[in-house]
file protein-v3.cif (mmCIF, C-alpha atoms)
data_work
#
loop_
_atom_site.label_atom_id
_atom_site.label_comp_id
_atom_site.auth_asym_id
_atom_site.auth_seq_id
_atom_site.Cartn_x
_atom_site.Cartn_y
_atom_site.Cartn_z
CA MET A 1 151.76 40.98 90.29
CA PRO A 2 153.88 43.14 87.91
CA ASP A 3 152.56 43.54 84.38
CA PRO A 4 154.95 41.51 82.18
CA ARG A 5 154.42 44.01 79.36
CA ILE A 6 156.23 46.66 81.42
CA THR A 7 159.28 44.43 81.76
CA LYS A 8 159.17 43.73 78.03
CA LEU A 9 158.86 47.46 77.27
CA ALA A 10 161.93 48.20 79.40
CA GLN A 11 163.92 45.56 77.56
CA VAL A 12 162.89 46.90 74.15
CA LEU A 13 163.73 50.49 75.14
CA VAL A 14 167.19 49.68 76.50
CA HIS A 15 168.34 47.11 73.96
CA TYR A 16 166.52 48.12 70.74
CA SER A 17 165.49 51.78 70.91
CA LEU A 18 168.53 53.16 72.75
CA GLU A 19 171.02 50.35 72.05
CA LEU A 20 172.63 51.12 75.40
CA LYS A 21 176.28 50.07 75.80
CA PRO A 22 178.55 49.45 78.80
CA GLY A 23 180.11 52.61 80.18
CA GLN A 24 177.65 55.00 78.55
CA GLN A 25 176.09 57.86 80.51
CA PHE A 26 172.33 57.48 80.48
CA GLN A 27 169.58 59.76 81.81
CA ILE A 28 166.02 58.65 82.63
CA ARG A 29 163.57 61.57 82.93
CA ALA A 30 160.30 60.64 84.63
CA ASN A 31 158.09 61.25 87.64
CA PRO A 32 156.95 58.96 90.48
CA LEU A 33 153.79 57.87 88.65
CA ALA A 34 156.05 55.94 86.26
CA ASP A 35 158.19 54.31 88.96
CA GLU A 36 157.28 50.78 87.88
CA LEU A 37 158.63 51.37 84.36
CA THR A 38 161.51 53.57 85.55
CA LEU A 39 162.80 50.82 87.84
CA ARG A 40 162.55 48.16 85.13
CA VAL A 41 164.49 50.39 82.72
CA TYR A 42 167.03 51.18 85.43
CA GLU A 43 167.51 47.48 86.10
CA GLU A 44 168.12 46.74 82.41
CA ALA A 45 170.55 49.67 82.15
CA VAL A 46 172.51 48.53 85.20
CA LYS A 47 172.74 45.01 83.78
CA VAL A 48 174.10 46.48 80.54
CA GLY A 49 176.76 48.39 82.47
CA ALA A 50 175.58 51.94 81.80
CA HIS A 51 176.05 54.80 84.27
CA THR A 52 172.46 55.82 84.89
CA LEU A 53 171.05 59.06 86.30
CA ILE A 54 167.35 59.29 87.17
CA THR A 55 165.91 62.82 87.23
CA ASN A 56 162.44 62.70 88.77
CA THR A 57 160.05 65.62 88.71
CA VAL A 58 157.32 66.11 91.32
CA PRO A 59 153.70 66.30 90.13
CA GLY A 60 152.55 69.90 90.45
CA MET A 61 155.96 71.56 90.28
CA ASP A 62 155.53 72.89 86.73
CA GLU A 63 152.36 74.75 87.69
CA ILE A 64 154.11 76.32 90.68
CA PHE A 65 157.09 77.33 88.56
CA PHE A 66 155.15 78.94 85.71
CA LYS A 67 152.80 80.80 88.05
CA PHE A 68 155.34 82.19 90.50
CA ALA A 69 158.79 82.30 88.83
CA SER A 70 160.41 85.69 88.31
CA GLU A 71 161.54 86.81 84.86
CA GLN A 72 165.09 85.83 85.80
CA GLN A 73 163.95 82.36 86.85
CA LEU A 74 161.98 81.89 83.63
CA GLU A 75 165.14 82.58 81.61
CA TYR A 76 167.48 80.50 83.81
CA VAL A 77 168.99 77.39 82.23
CA SER A 78 170.33 74.87 84.72
CA PRO A 79 174.05 74.03 84.38
CA LEU A 80 173.12 70.43 85.19
CA ARG A 81 170.83 70.33 82.16
CA LYS A 82 173.66 71.85 80.11
CA LEU A 83 176.14 69.21 81.31
CA ILE A 84 173.75 66.35 80.51
CA THR A 85 172.98 67.74 77.07
CA GLU A 86 176.66 68.20 76.25
CA THR A 87 178.06 64.93 77.58
CA PHE A 88 175.51 62.13 78.03
CA ASP A 89 175.22 59.30 75.51
CA ALA A 90 171.53 58.43 75.86
CA SER A 91 168.30 59.89 77.24
CA LEU A 92 164.89 58.38 77.88
CA SER A 93 161.85 60.50 78.72
CA ILE A 94 158.82 58.77 80.22
CA GLY A 95 155.52 60.63 80.05
CA ALA A 96 153.21 59.88 82.99
CA GLU A 97 150.44 62.45 83.42
CA TYR A 98 148.72 63.14 86.72
CA ASN A 99 146.77 66.16 85.36
CA THR A 100 146.75 66.81 81.63
CA ARG A 101 145.43 70.34 82.22
CA GLU A 102 147.99 71.35 84.85
CA LEU A 103 149.17 74.40 82.92
CA SER A 104 145.82 75.51 81.51
CA GLY A 105 145.84 78.66 83.65
CA VAL A 106 149.38 79.75 82.79
CA ASP A 107 150.07 82.90 80.76
CA PRO A 108 151.19 81.72 77.28
CA ALA A 109 153.92 84.38 77.21
CA ARG A 110 155.60 82.70 80.19
CA LEU A 111 155.59 79.34 78.42
CA ALA A 112 157.12 80.93 75.32
CA ARG A 113 159.78 82.70 77.40
CA VAL A 114 161.04 79.43 78.89
CA ARG A 115 161.12 77.75 75.47
CA LYS A 116 163.10 80.66 74.00
CA ALA A 117 165.65 80.56 76.84
CA GLY A 118 166.15 76.83 76.35
CA ALA A 119 166.45 77.02 72.56
CA PRO A 120 170.28 76.84 72.40
CA LEU A 121 170.35 73.65 74.47
CA SER A 122 167.48 72.15 72.49
CA ARG A 123 169.42 72.88 69.31
CA LEU A 124 172.56 71.26 70.75
CA PHE A 125 170.52 68.21 71.76
CA MET A 126 169.20 67.82 68.21
CA GLU A 127 172.63 68.39 66.66
CA ARG A 128 174.28 65.75 68.84
CA ALA A 129 171.46 63.33 68.03
CA ALA A 130 171.90 64.01 64.30
CA ARG A 131 175.64 63.22 64.64
CA LYS A 132 174.75 59.94 66.44
CA GLU A 133 176.55 61.15 69.57
CA LEU A 134 173.33 61.01 71.58
CA ARG A 135 170.49 58.51 71.39
CA TRP A 136 167.10 59.53 72.72
CA CYS A 137 163.63 58.07 73.04
CA TYR A 138 160.26 59.14 74.41
CA THR A 139 157.64 56.72 75.70
CA GLU A 140 154.43 56.79 77.71
CA PHE A 141 153.43 55.11 80.97
CA PRO A 142 149.62 54.82 81.15
CA THR A 143 147.98 56.73 84.01
CA GLN A 144 144.44 57.49 85.10
CA ALA A 145 144.72 61.06 83.80
CA SER A 146 145.89 60.00 80.33
CA ALA A 147 143.21 57.30 80.15
CA GLN A 148 140.53 59.82 81.05
CA GLU A 149 141.86 62.30 78.48
CA ALA A 150 141.61 59.62 75.80
CA ASP A 151 138.11 58.46 76.90
CA PHE A 152 139.35 55.08 78.06
CA SER A 153 139.16 53.17 81.30
CA LEU A 154 142.64 52.66 82.75
CA ARG A 155 142.66 48.96 81.88
CA ASP A 156 141.59 49.62 78.29
CA TYR A 157 144.13 52.43 77.97
CA GLN A 158 146.90 50.13 79.22
CA ASP A 159 145.92 47.63 76.55
CA PHE A 160 145.89 50.39 73.94
CA VAL A 161 149.36 51.69 74.92
CA TYR A 162 151.05 48.31 75.09
CA GLU A 163 149.39 46.93 71.97
CA ALA A 164 150.40 50.08 70.06
CA GLY A 165 153.99 49.10 70.91
CA MET A 166 153.28 45.48 69.88
CA LEU A 167 154.26 44.35 73.38
CA HIS A 168 151.63 41.61 73.22
CA LEU A 169 153.82 39.87 70.62
CA ASP A 170 156.51 37.39 71.63
CA ASP A 171 159.18 39.57 70.04
CA PRO A 172 158.09 43.18 69.36
CA VAL A 173 161.48 44.00 67.82
CA VAL A 174 160.75 41.70 64.87
CA PHE A 175 157.65 43.79 64.11
CA TRP A 176 159.45 47.13 64.41
CA ARG A 177 162.30 46.07 62.18
CA ALA A 178 159.79 44.96 59.54
CA GLU A 179 157.97 48.30 59.95
CA GLY A 180 161.26 50.08 59.29
CA GLU A 181 161.69 48.13 56.06
CA LYS A 182 158.21 49.20 54.89
CA GLN A 183 158.99 52.82 55.71
CA GLN A 184 162.23 52.61 53.74
CA LYS A 185 160.26 51.79 50.58
CA LEU A 186 158.41 55.12 50.91
CA ILE A 187 161.63 56.95 51.71
CA THR A 188 163.38 55.47 48.67
CA TRP A 189 160.56 56.64 46.40
CA LEU A 190 160.69 60.17 47.84
CA LYS A 191 164.47 60.50 47.65
CA GLY A 192 165.69 63.18 45.26
CA ARG A 193 162.25 64.66 44.65
CA ASP A 194 161.20 68.29 44.99
CA GLN A 195 157.64 69.66 44.94
CA ALA A 196 154.91 68.20 47.15
CA THR A 197 151.32 69.30 46.52
CA PHE A 198 148.56 68.65 49.08
CA LYS A 199 144.88 68.87 48.09
CA GLY A 200 141.84 68.06 50.23
CA SER A 201 139.05 69.48 52.34
CA ASN A 202 141.55 70.37 55.09
CA ILE A 203 144.53 71.38 53.01
CA ASP A 204 145.61 73.27 49.89
CA LEU A 205 149.36 73.60 50.18
CA THR A 206 152.64 73.22 48.31
CA LEU A 207 156.16 72.85 49.70
CA SER A 208 159.59 71.65 48.64
CA ILE A 209 161.55 68.66 49.92
CA LYS A 210 164.48 69.26 47.58
CA ASP A 211 167.77 68.01 49.07
CA ARG A 212 165.98 66.94 52.22
CA VAL A 213 166.16 63.52 53.89
CA PHE A 214 163.20 61.49 55.14
CA ILE A 215 163.81 59.59 58.38
CA GLU A 216 162.17 56.30 59.32
CA ALA A 217 160.49 56.10 62.74
CA ASP A 218 160.55 52.44 63.71
CA GLY A 219 160.71 52.57 67.49
CA LYS A 220 164.07 54.29 67.88
CA TYR A 221 163.03 57.86 68.74
CA ASN A 222 159.51 57.26 70.01
CA PHE A 223 157.96 54.12 71.39
CA PRO A 224 155.48 53.21 70.05
CA ASP A 225 156.27 54.62 66.63
CA GLY A 226 155.12 54.62 63.03
CA GLU A 227 155.87 57.55 60.74
CA ILE A 228 158.35 58.97 58.27
CA PHE A 229 159.35 62.63 58.53
CA THR A 230 161.52 65.34 57.03
CA GLY A 231 162.10 69.08 57.27
CA PRO A 232 160.68 71.05 54.30
CA GLN A 233 162.69 73.75 52.57
CA GLU A 234 162.30 76.68 54.93
CA ASP A 235 160.92 79.23 52.44
CA SER A 236 158.84 76.85 50.33
CA ALA A 237 155.43 76.42 52.01
CA ASN A 238 152.60 78.29 50.32
CA GLY A 239 148.90 77.83 50.92
CA TRP A 240 146.55 76.84 53.71
CA VAL A 241 145.98 73.99 56.14
CA ARG A 242 143.33 73.27 58.75
CA PHE A 243 144.05 70.95 61.68
CA LYS A 244 140.76 69.27 62.48
CA TYR A 245 142.18 67.59 65.54
CA PRO A 246 142.91 69.78 68.61
CA ALA A 247 146.56 70.65 69.14
CA ILE A 248 147.77 70.32 72.73
CA TYR A 249 150.60 72.41 74.11
CA ASP A 250 151.68 71.95 77.74
CA GLY A 251 148.17 70.80 78.59
CA GLN A 252 146.40 73.67 76.84
CA GLU A 253 144.09 72.75 73.97
CA VAL A 254 143.93 74.82 70.79
CA CYS A 255 141.02 73.92 68.52
CA ASP A 256 140.33 74.34 64.80
CA ILE A 257 143.74 75.76 63.96
CA GLU A 258 144.10 77.21 60.48
CA LEU A 259 147.44 78.44 59.14
CA TRP A 260 148.16 80.43 55.99
CA PHE A 261 151.71 80.28 54.56
CA GLU A 262 153.57 82.61 52.22
CA ASN A 263 157.13 81.74 51.20
CA GLY A 264 157.45 79.39 54.14
CA LYS A 265 156.17 81.74 56.84
CA VAL A 266 152.88 81.59 58.73
CA VAL A 267 151.41 84.98 57.83
CA LYS A 268 147.97 84.39 59.35
CA GLU A 269 146.68 82.06 62.04
CA GLN A 270 143.24 81.33 63.40
CA ALA A 271 141.73 79.10 66.09
CA SER A 272 138.26 78.72 67.62
CA LYS A 273 139.75 78.13 71.08
CA ASN A 274 142.95 79.55 72.62
CA GLN A 275 143.77 81.87 69.73
CA ALA A 276 146.00 83.92 72.05
CA LEU A 277 148.12 80.88 72.91
CA LEU A 278 148.51 80.02 69.23
CA THR A 279 149.68 83.52 68.32
CA THR A 280 151.98 83.83 71.34
CA LEU A 281 153.75 80.55 70.61
CA LEU A 282 154.13 81.41 66.92
CA ASN A 283 155.85 84.58 68.09
CA THR A 284 158.31 82.70 70.32
CA ASP A 285 161.15 83.61 67.95
CA PRO A 286 161.60 84.11 64.16
CA GLY A 287 161.84 80.37 63.44
CA ALA A 288 158.55 79.56 65.16
CA ARG A 289 156.51 80.71 62.15
CA TYR A 290 158.26 78.30 59.76
CA LEU A 291 157.82 74.56 59.33
CA GLY A 292 160.42 72.35 60.97
CA GLU A 293 158.78 69.02 60.12
CA TRP A 294 156.43 67.24 57.78
CA GLY A 295 155.51 63.75 58.93
CA ILE A 296 153.32 60.98 57.52
CA GLY A 297 151.61 58.57 59.92
CA THR A 298 152.18 54.92 58.97
CA ASN A 299 150.75 53.08 62.00
CA TYR A 300 147.35 51.84 60.86
CA GLY A 301 147.01 49.93 64.12
CA ILE A 302 146.42 53.27 65.88
CA GLN A 303 143.09 54.71 64.81
CA LYS A 304 141.74 56.45 67.92
CA PHE A 305 142.62 60.07 68.66
CA THR A 306 143.86 60.24 72.26
CA LYS A 307 145.05 63.87 72.66
CA ASN A 308 148.55 62.48 73.10
CA MET A 309 150.78 63.27 70.12
CA LEU A 310 153.06 60.31 70.84
CA PHE A 311 150.24 58.15 69.49
CA ASP A 312 148.19 60.60 67.43
CA GLU A 313 150.92 61.68 64.98
CA LYS A 314 151.41 58.01 64.07
CA ILE A 315 147.77 57.43 63.05
CA GLY A 316 147.56 55.96 59.58
CA GLY A 317 145.57 58.34 57.38
CA THR A 318 147.05 61.50 58.88
CA ILE A 319 149.98 63.78 58.30
CA HIS A 320 151.43 66.28 60.74
CA PHE A 321 153.34 69.50 60.49
CA ALA A 322 155.49 70.96 63.25
CA VAL A 323 156.12 74.68 63.43
CA GLY A 324 159.50 75.62 64.83
CA ALA A 325 162.66 73.61 65.41
CA ALA A 326 163.71 71.02 62.84
CA TYR A 327 165.68 67.81 63.14
CA PRO A 328 169.12 68.54 61.61
CA GLU A 329 169.48 65.02 60.21
CA THR A 330 166.71 65.87 57.71
CA GLY A 331 168.81 68.70 56.26
CA SER A 332 166.55 71.43 57.65
CA LYS A 333 168.17 74.52 59.15
CA ASN A 334 165.09 75.94 60.88
CA ASP A 335 165.93 76.96 64.43
CA SER A 336 163.49 77.79 67.21
CA GLY A 337 162.74 77.25 70.87
CA LEU A 338 159.37 75.85 69.74
CA HIS A 339 158.57 72.48 68.19
CA TRP A 340 154.80 71.99 68.05
CA ASP A 341 153.18 69.15 66.11
CA MET A 342 149.73 69.62 64.59
CA LEU A 343 147.66 66.79 63.09
CA CYS A 344 145.82 66.90 59.76
CA ASP A 345 143.23 64.33 58.62
CA MET A 346 144.04 63.14 55.07
CA ASN A 347 141.27 60.58 54.51
CA ASP A 348 139.75 62.66 51.70
CA ALA A 349 142.96 64.19 50.37
CA GLN A 350 145.85 63.46 48.07
CA ILE A 351 149.55 64.24 47.87
CA SER A 352 151.38 64.50 44.57
CA VAL A 353 155.16 64.77 44.38
CA ASP A 354 156.67 66.24 41.21
CA GLY A 355 153.34 65.61 39.51
CA GLU A 356 153.11 61.91 40.46
CA LEU A 357 150.40 60.68 42.82
CA PHE A 358 152.03 59.50 46.05
CA TYR A 359 149.20 59.37 48.59
CA GLN A 360 145.40 59.28 48.34
CA ASN A 361 142.55 59.04 50.85
CA GLY A 362 144.78 58.16 53.79
CA HIS A 363 147.15 55.69 52.12
CA PRO A 364 150.35 55.78 50.06
CA VAL A 365 149.61 54.52 46.55
CA ILE A 366 153.12 54.04 45.20
#
call {"tool": "encode", "arguments": {"input": "protein-v3.cif", "output": "structure tokens"}}
result
Amino acid sequence: MPDPRITKLAQVLVHYSLELKPGQQFQIRANPLADELTLRVYEEAVKVGAHTLITNTVPGMDEIFFKFASEQQLEYVSPLRKLITETFDASLSIGAEYNTRELSGVDPARLARVRKAGAPLSRLFMERAARKELRWCYTEFPTQASAQEADFSLRDYQDFVYEAGMLHLDDPVVFWRAEGEKQQKLITWLKGRDQATFKGSNIDLTLSIKDRVFIEADGKYNFPDGEIFTGPQEDSANGWVRFKYPAIYDGQEVCDIELWFENGKVVKEQASKNQALLTTLLNTDPGARYLGEWGIGTNYGIQKFTKNMLFDEKIGGTIHFAVGAAYPETGSKNDSGLHWDMLCDMNDAQISVDGELFYQNGHPVI
């Protein structure tokens, strides 16, 4: 018997997150492990009247590509991907892992090369999204591999995923709209301010948010959601931060990352595991050593670290920084083929903005 929460998720994604309209061109990116959700989304999209393209990957193909592709193939950008990026109205990506460590044996330089080649299209994607020409959303379909990664049984992980999206409620949209209103209160307080100062056992950092816009994350870009985020002034970060939680990139785990910033740039990096991957990705291009995002987790219903940033960056009591590409709607100009989120525990830290206490021990205090 189909899980009714999957049908409800499809309805929320199509009608609330993406606000799909008749006649729009819509892409669903997934793989066969997510077929149950893909078909439910496709059904809702057809009922709406959208023109829907499903692009399905095959489990194992990324490993084959990164191990055996020539330099020319690594730098090739598909004209189909270009056409979709330039012309489609909406895009949904469904994560469904069959092996979370598929790319653990891949040379980091090859990963960075592909990201650099795709940077212009990634930038166009973000620019169109900022102009409201393109709506996008990312969600997760629970699989055995993801459950194992998060130290859950599959059944418990399914409950975790769907409850994080409030799909156990009669009308999840009511919750997410209310969450957006709460986030707007924080955004209103931060509007027009400048200097943010972070102090704690894992952070000693300052940066500027002058003339930058905070964006609410209430189920429109990610589902589930729960954060506010902006792009710091590119040359403003100074100090040090340690990311106690492992950072995952294409299935490769980098542990105990520490970054030192001077005038916005990462001038020194350190990790206890996969140091070479960290350095290689930071050298993807000039923008990769600058911050593209500062986010604050506001979802206090998510408290377990799962090694899946869709959920982890939303954890109440954490903040995250992303090195590399920024979201243009925040006002940031940082450009890169990399966008890599890293999670910082703030349960014994504080954030002051223009000298006023904003956040302490994992909670906003304003």
call {"tool": "resolve_selection", "arguments": {"input": "protein-v3.cif", "expression": "the PyMOL selection byres ((chain A and resi 281-284) around 8)", "output": "list of chain:residue names"}}
result
A:Pro108, A:Ala109, A:Ala112, A:Arg113, A:Arg115, A:Lys116, A:Leu277, A:Leu278, A:Thr279, A:Thr280, A:Asp285, A:Pro286, A:Ala288, A:Arg289, A:Val323, A:Ser336, A:Gly337, A:Leu338
call {"tool": "residues_around", "arguments": {"input": "protein-v3.cif", "residues": "Ala237 in chain A", "least_positions_apart": "5", "cutoff": "6 Å", "atoms": "all atoms listed in the file", "output": "PyMOL selection string"}}
result
chain A and resi 206-207+261+263-264
call {"tool": "write_last_selection", "arguments": {"input": "protein-v3.cif", "atoms": "C-alpha atoms", "output": "mmCIF file, keeping the file's coordinate frame"}}
result
data_model
loop_
_atom_site.group_PDB
_atom_site.id
_atom_site.type_symbol
_atom_site.label_atom_id
_atom_site.label_comp_id
_atom_site.auth_asym_id
_atom_site.auth_seq_id
_atom_site.Cartn_x
_atom_site.Cartn_y
_atom_site.Cartn_z
ATOM 1 C CA THR A 206 152.640 73.220 48.310
ATOM 2 C CA LEU A 207 156.160 72.850 49.700
ATOM 3 C CA PHE A 261 151.710 80.280 54.560
ATOM 4 C CA ASN A 263 157.130 81.740 51.200
ATOM 5 C CA GLY A 264 157.450 79.390 54.140
#
call {"tool": "resolve_selection", "arguments": {"input": "protein-v3.cif", "expression": "the PyMOL selection byres ((chain A and resi 194-203) around 10)", "output": "JSON, numbers by chain"}}
result
{"A": [190, 191, 192, 193, 204, 205, 206, 207, 208, 209, 210, 211, 212, 232, 233, 236, 237, 238, 239, 240, 241, 242, 243, 244, 258, 259, 344, 345, 346, 347, 348, 349, 350, 351, 352, 353, 354, 355, 356, 357, 358, 359, 360, 361]}
call {"tool": "write_last_selection", "arguments": {"input": "protein-v3.cif", "atoms": "C-alpha atoms", "output": "PDB file, keeping the file's coordinate frame"}}
result
ATOM      1  CA  LEU A 190     160.690  60.170  47.840  1.00  0.00           C
ATOM      2  CA  LYS A 191     164.470  60.500  47.650  1.00  0.00           C
ATOM      3  CA  GLY A 192     165.690  63.180  45.260  1.00  0.00           C
ATOM      4  CA  ARG A 193     162.250  64.660  44.650  1.00  0.00           C
ATOM      5  CA  ASP A 204     145.610  73.270  49.890  1.00  0.00           C
ATOM      6  CA  LEU A 205     149.360  73.600  50.180  1.00  0.00           C
ATOM      7  CA  THR A 206     152.640  73.220  48.310  1.00  0.00           C
ATOM      8  CA  LEU A 207     156.160  72.850  49.700  1.00  0.00           C
ATOM      9  CA  SER A 208     159.590  71.650  48.640  1.00  0.00           C
ATOM     10  CA  ILE A 209     161.550  68.660  49.920  1.00  0.00           C
ATOM     11  CA  LYS A 210     164.480  69.260  47.580  1.00  0.00           C
ATOM     12  CA  ASP A 211     167.770  68.010  49.070  1.00  0.00           C
ATOM     13  CA  ARG A 212     165.980  66.940  52.220  1.00  0.00           C
ATOM     14  CA  PRO A 232     160.680  71.050  54.300  1.00  0.00           C
ATOM     15  CA  GLN A 233     162.690  73.750  52.570  1.00  0.00           C
ATOM     16  CA  SER A 236     158.840  76.850  50.330  1.00  0.00           C
ATOM     17  CA  ALA A 237     155.430  76.420  52.010  1.00  0.00           C
ATOM     18  CA  ASN A 238     152.600  78.290  50.320  1.00  0.00           C
ATOM     19  CA  GLY A 239     148.900  77.830  50.920  1.00  0.00           C
ATOM     20  CA  TRP A 240     146.550  76.840  53.710  1.00  0.00           C
ATOM     21  CA  VAL A 241     145.980  73.990  56.140  1.00  0.00           C
ATOM     22  CA  ARG A 242     143.330  73.270  58.750  1.00  0.00           C
ATOM     23  CA  PHE A 243     144.050  70.950  61.680  1.00  0.00           C
ATOM     24  CA  LYS A 244     140.760  69.270  62.480  1.00  0.00           C
ATOM     25  CA  GLU A 258     144.100  77.210  60.480  1.00  0.00           C
ATOM     26  CA  LEU A 259     147.440  78.440  59.140  1.00  0.00           C
ATOM     27  CA  CYS A 344     145.820  66.900  59.760  1.00  0.00           C
ATOM     28  CA  ASP A 345     143.230  64.330  58.620  1.00  0.00           C
ATOM     29  CA  MET A 346     144.040  63.140  55.070  1.00  0.00           C
ATOM     30  CA  ASN A 347     141.270  60.580  54.510  1.00  0.00           C
ATOM     31  CA  ASP A 348     139.750  62.660  51.700  1.00  0.00           C
ATOM     32  CA  ALA A 349     142.960  64.190  50.370  1.00  0.00           C
ATOM     33  CA  GLN A 350     145.850  63.460  48.070  1.00  0.00           C
ATOM     34  CA  ILE A 351     149.550  64.240  47.870  1.00  0.00           C
ATOM     35  CA  SER A 352     151.380  64.500  44.570  1.00  0.00           C
ATOM     36  CA  VAL A 353     155.160  64.770  44.380  1.00  0.00           C
ATOM     37  CA  ASP A 354     156.670  66.240  41.210  1.00  0.00           C
ATOM     38  CA  GLY A 355     153.340  65.610  39.510  1.00  0.00           C
ATOM     39  CA  GLU A 356     153.110  61.910  40.460  1.00  0.00           C
ATOM     40  CA  LEU A 357     150.400  60.680  42.820  1.00  0.00           C
ATOM     41  CA  PHE A 358     152.030  59.500  46.050  1.00  0.00           C
ATOM     42  CA  TYR A 359     149.200  59.370  48.590  1.00  0.00           C
ATOM     43  CA  GLN A 360     145.400  59.280  48.340  1.00  0.00           C
ATOM     44  CA  ASN A 361     142.550  59.040  50.850  1.00  0.00           C
TER      45      ASN A 361
END
call {"tool": "resolve_selection", "arguments": {"input": "protein-v3.cif", "expression": "the PyMOL selection byres ((chain A and resi 230) around 10)", "output": "list of chain:residue names"}}
result
A:Ile187, A:Ile209, A:Arg212, A:Val213, A:Phe214, A:Ile215, A:Glu216, A:Ile228, A:Phe229, A:Gly231, A:Pro232, A:Gln233, A:Gly292, A:Glu293, A:Trp294, A:Gly295, A:Ile296, A:Phe321, A:Ala326, A:Tyr327, A:Pro328, A:Glu329, A:Thr330, A:Gly331, A:Ser332
call {"tool": "closest_residue", "arguments": {"input": "protein-v3.cif", "among": "A:Leu80, A:Ala50, A:Ala45, A:Val106", "to": "Lys67 in chain A", "atoms": "all atoms listed in the file"}}
result
A:Val106
call {"tool": "closest_residue", "arguments": {"input": "protein-v3.cif", "among": "A:Glu227, A:Asp250, A:Glu269, A:Glu149", "to": "Gln184 in chain A", "atoms": "only C-alpha atoms"}}
result
A:Glu227
call {"tool": "closest_residue", "arguments": {"input": "protein-v3.cif", "among": "A:Tyr76, A:Tyr249, A:Tyr98, A:Phe160", "to": "Gln303 in chain A", "atoms": "only C-alpha atoms"}}
result
A:Phe160
call {"tool": "residues_around", "arguments": {"input": "protein-v3.cif", "residues": "range 150-155 of chain A", "least_positions_apart": "6", "cutoff": "7 Å", "atoms": "all atoms listed in the file", "output": "list in words"}}
result
Thr143, Gln144, Thr306 and Lys307 of chain A
call {"tool": "closest_residue", "arguments": {"input": "protein-v3.cif", "among": "A:Pro79, A:Gly95, A:Gly49, A:Pro59", "to": "Ala30 in chain A", "atoms": "only C-alpha atoms"}}
result
A:Gly95
call {"tool": "build_atoms", "arguments": {"input": "protein-v3.cif", "residues": "range 274-288 of chain A", "atoms": "N, CA and C atoms", "output": "mmCIF file, keeping the file's coordinate frame"}}
result
data_model
loop_
_atom_site.group_PDB
_atom_site.id
_atom_site.type_symbol
_atom_site.label_atom_id
_atom_site.label_comp_id
_atom_site.auth_asym_id
_atom_site.auth_seq_id
_atom_site.Cartn_x
_atom_site.Cartn_y
_atom_site.Cartn_z
ATOM 1 N N ASN A 274 141.570 79.240 72.241
ATOM 2 C CA ASN A 274 142.950 79.550 72.620
ATOM 3 C C ASN A 274 143.750 80.199 71.490
ATOM 4 N N GLN A 275 143.088 81.110 70.777
ATOM 5 C CA GLN A 275 143.770 81.870 69.730
ATOM 6 C C GLN A 275 144.991 82.607 70.271
ATOM 7 N N ALA A 276 144.887 83.159 71.473
ATOM 8 C CA ALA A 276 146.000 83.920 72.050
ATOM 9 C C ALA A 276 147.225 83.039 72.263
ATOM 10 N N LEU A 277 147.008 81.804 72.715
ATOM 11 C CA LEU A 277 148.120 80.880 72.910
ATOM 12 C C LEU A 277 148.787 80.562 71.580
ATOM 13 N N LEU A 278 147.979 80.309 70.562
ATOM 14 C CA LEU A 278 148.510 80.020 69.230
ATOM 15 C C LEU A 278 149.409 81.152 68.749
ATOM 16 N N THR A 279 148.915 82.367 68.806
ATOM 17 C CA THR A 279 149.680 83.520 68.320
ATOM 18 C C THR A 279 150.939 83.731 69.161
ATOM 19 N N THR A 280 150.825 83.623 70.463
ATOM 20 C CA THR A 280 151.980 83.830 71.340
ATOM 21 C C THR A 280 153.084 82.828 71.047
ATOM 22 N N LEU A 281 152.724 81.561 70.873
ATOM 23 C CA LEU A 281 153.750 80.550 70.610
ATOM 24 C C LEU A 281 154.369 80.731 69.228
ATOM 25 N N LEU A 282 153.574 81.140 68.248
ATOM 26 C CA LEU A 282 154.130 81.410 66.920
ATOM 27 C C LEU A 282 155.074 82.600 66.935
ATOM 28 N N ASN A 283 154.957 83.429 67.948
ATOM 29 C CA ASN A 283 155.850 84.580 68.090
ATOM 30 C C ASN A 283 157.002 84.309 69.060
ATOM 31 N N THR A 284 157.224 83.058 69.401
ATOM 32 C CA THR A 284 158.310 82.700 70.320
ATOM 33 C C THR A 284 159.642 83.280 69.850
ATOM 34 N N ASP A 285 159.924 83.117 68.570
ATOM 35 C CA ASP A 285 161.150 83.610 67.950
ATOM 36 C C ASP A 285 160.922 83.553 66.436
ATOM 37 N N PRO A 286 161.846 84.081 65.613
ATOM 38 C CA PRO A 286 161.600 84.110 64.160
ATOM 39 C C PRO A 286 161.340 82.736 63.542
ATOM 40 N N GLY A 287 161.997 81.696 64.042
ATOM 41 C CA GLY A 287 161.840 80.370 63.440
ATOM 42 C C GLY A 287 160.530 79.699 63.754
ATOM 43 N N ALA A 288 159.785 80.221 64.732
ATOM 44 C CA ALA A 288 158.550 79.560 65.160
ATOM 45 C C ALA A 288 157.437 79.655 64.129
#
